[in-house]
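S.K.: Just dropping this structure here.
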Amino acid sequence: MPLTIAPETVRFQSEVKLGRVLVVEDEELIRETVALALGEEGYEVLTAEDGRKGLELATKAGDSNPAEALALDLIILDLMLPYVNGLDLCRLIRHEGSTVPILMLSAKGTETDRVVGLEVGADDYLTKPFGMRELVARCRALLRRHQRSQMQAQEPTLKFHEIVLYPQECRVTIRGEETSLSPKEFRILELFMANPRRVWSREQLIERIWGPDFMGDSKTVDVHIRWLREKLELDPSRPEYLLTVRGFGYRFG
């Protein structure tokens, strides 16, 4: 396993890279043991022995210049550090807007210490002494949770004022509360929200939602629009979202 040493920073690498981890720990034995264990698991590890260097590396991860950014996936942070302590360092990292998972390490194991660490922005807390297997397991769990939350945040949504539609989840919230729609109602609303202000005739809606083989009455569109208004509008008799365009059809917004 190649080992590259830079000023105040140690970078452990393995052939398989599962993510980049920053370890900020002033005790050399713990710092290098943690780095070695994570490196053997397949993580690229950078280390810092004090809060000042840790802050430099952590804030560099958010650098707007792609050539300079470090793109950290996880930070392991000791509570008691020279220059900048772990609590203040955690606050500063969060103040910079970083959402990278933070695992805090401390010889202090009281409930108050754990609560304070979590309240300033840490995602997990591990009391010294600890086993390497537990630390690696906690790192994996934090990375899984963070990756899931990022994927959920990236899911495409359609939003118009107080209505939010989640296409992949077949879910709609109105004014912050989830509402139940039938499959046809959901597809109509999705079509409208994907094409705001476009006017749709009954025939166009039937072709897009019910399909060209539909043999029923076109008035079924009016019925579904009425049902949607009852669920979306504060006052269905005076709609703000689903509007009738006389002689043409319906539009959204």
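Chain labels follow the order of the structure tokens: the first chain is A, the next B, and so on; residue numbering restarts at 1 in every chain, and ligands are counted from 1 in their shown order.
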In segment 77-106 of chain A, what's helix (DSSP H, G or I) per DSSP? Answer as a count of residues only?
M.R.: 10
S.K.: Could you give me, as a PyMOL selection string, each residue of segment 71-174 of chain A that DSSP assigns to strand (DSSP E or B) when run on this structure's backbone?
M.R.: chain A and resi 74-78+102-106+124-127+158-160+163-166+171-174
S.K.: Which of these, A:Ala71, A:Ala58, A:Ile225, A:Ile76, has the shortest distance to Leu92 of chain A once you count only C-alpha atoms?
M.R.: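 So, comparing all the options, the nearest one is A:Ala58.
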S.K.: Between A:Phe252, A:Glu233, A:Glu177, A:Val23, which is the closest to Phe192 of chain A once you count only C-alpha atoms?
M.R.: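 That would be A:Phe252, the residue with the smallest distance to Phe192 of chain A.
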S.K.: Write out as a PyMOL selection string the residues lying within 10 Å of Glu96 of chain A, counting only C-alpha atoms and excluding same-chain residues fewer than 2 positions away.
M.R.: chain A and resi 58-59+62+91-94+98-99
S.K.: Just to be explicit: take each residue in the selection above, keep N, CA and C atoms, and write the result as a tab-separated table (two decimals), in the first residue's frame.
M.R.:
```
chain	number	residue	atom	x	y	z
A	58	ALA	N	-10.57	20.85	5.53
A	58	ALA	CA	-12.03	20.71	5.45
A	58	ALA	C	-12.66	21.81	4.62
A	59	THR	N	-12.20	23.04	4.79
A	59	THR	CA	-12.77	24.15	4.02
A	59	THR	C	-12.29	24.11	2.58
A	62	GLY	N	-14.56	22.46	0.10
A	62	GLY	CA	-15.65	23.21	-0.51
A	62	GLY	C	-15.19	24.27	-1.47
A	91	ARG	N	-18.40	23.29	14.19
A	91	ARG	CA	-19.26	24.46	13.93
A	91	ARG	C	-18.81	25.20	12.67
A	92	LEU	N	-17.50	25.41	12.55
A	92	LEU	CA	-16.98	26.15	11.40
A	92	LEU	C	-17.22	25.41	10.09
A	93	ILE	N	-17.07	24.10	10.12
A	93	ILE	CA	-17.31	23.30	8.91
A	93	ILE	C	-18.77	23.43	8.49
A	94	ARG	N	-19.68	23.32	9.46
A	94	ARG	CA	-21.10	23.45	9.14
A	94	ARG	C	-21.45	24.88	8.71
A	98	SER	N	-20.97	22.95	4.55
A	98	SER	CA	-20.63	21.56	4.22
A	98	SER	C	-21.60	20.59	4.89
A	99	THR	N	-22.03	19.59	4.14
A	99	THR	CA	-22.90	18.54	4.68
A	99	THR	C	-22.17	17.21	4.81
```
S.K.: Just checking: using only C-alpha atoms, which residue out of A:Glu49, A:Asp222, A:Asp217, A:Glu44 ends up closest to Leu77 of chain A?
M.R.: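 Once distances to Leu77 of chain A are computed over only C-alpha atoms, the minimum belongs to A:Glu49.
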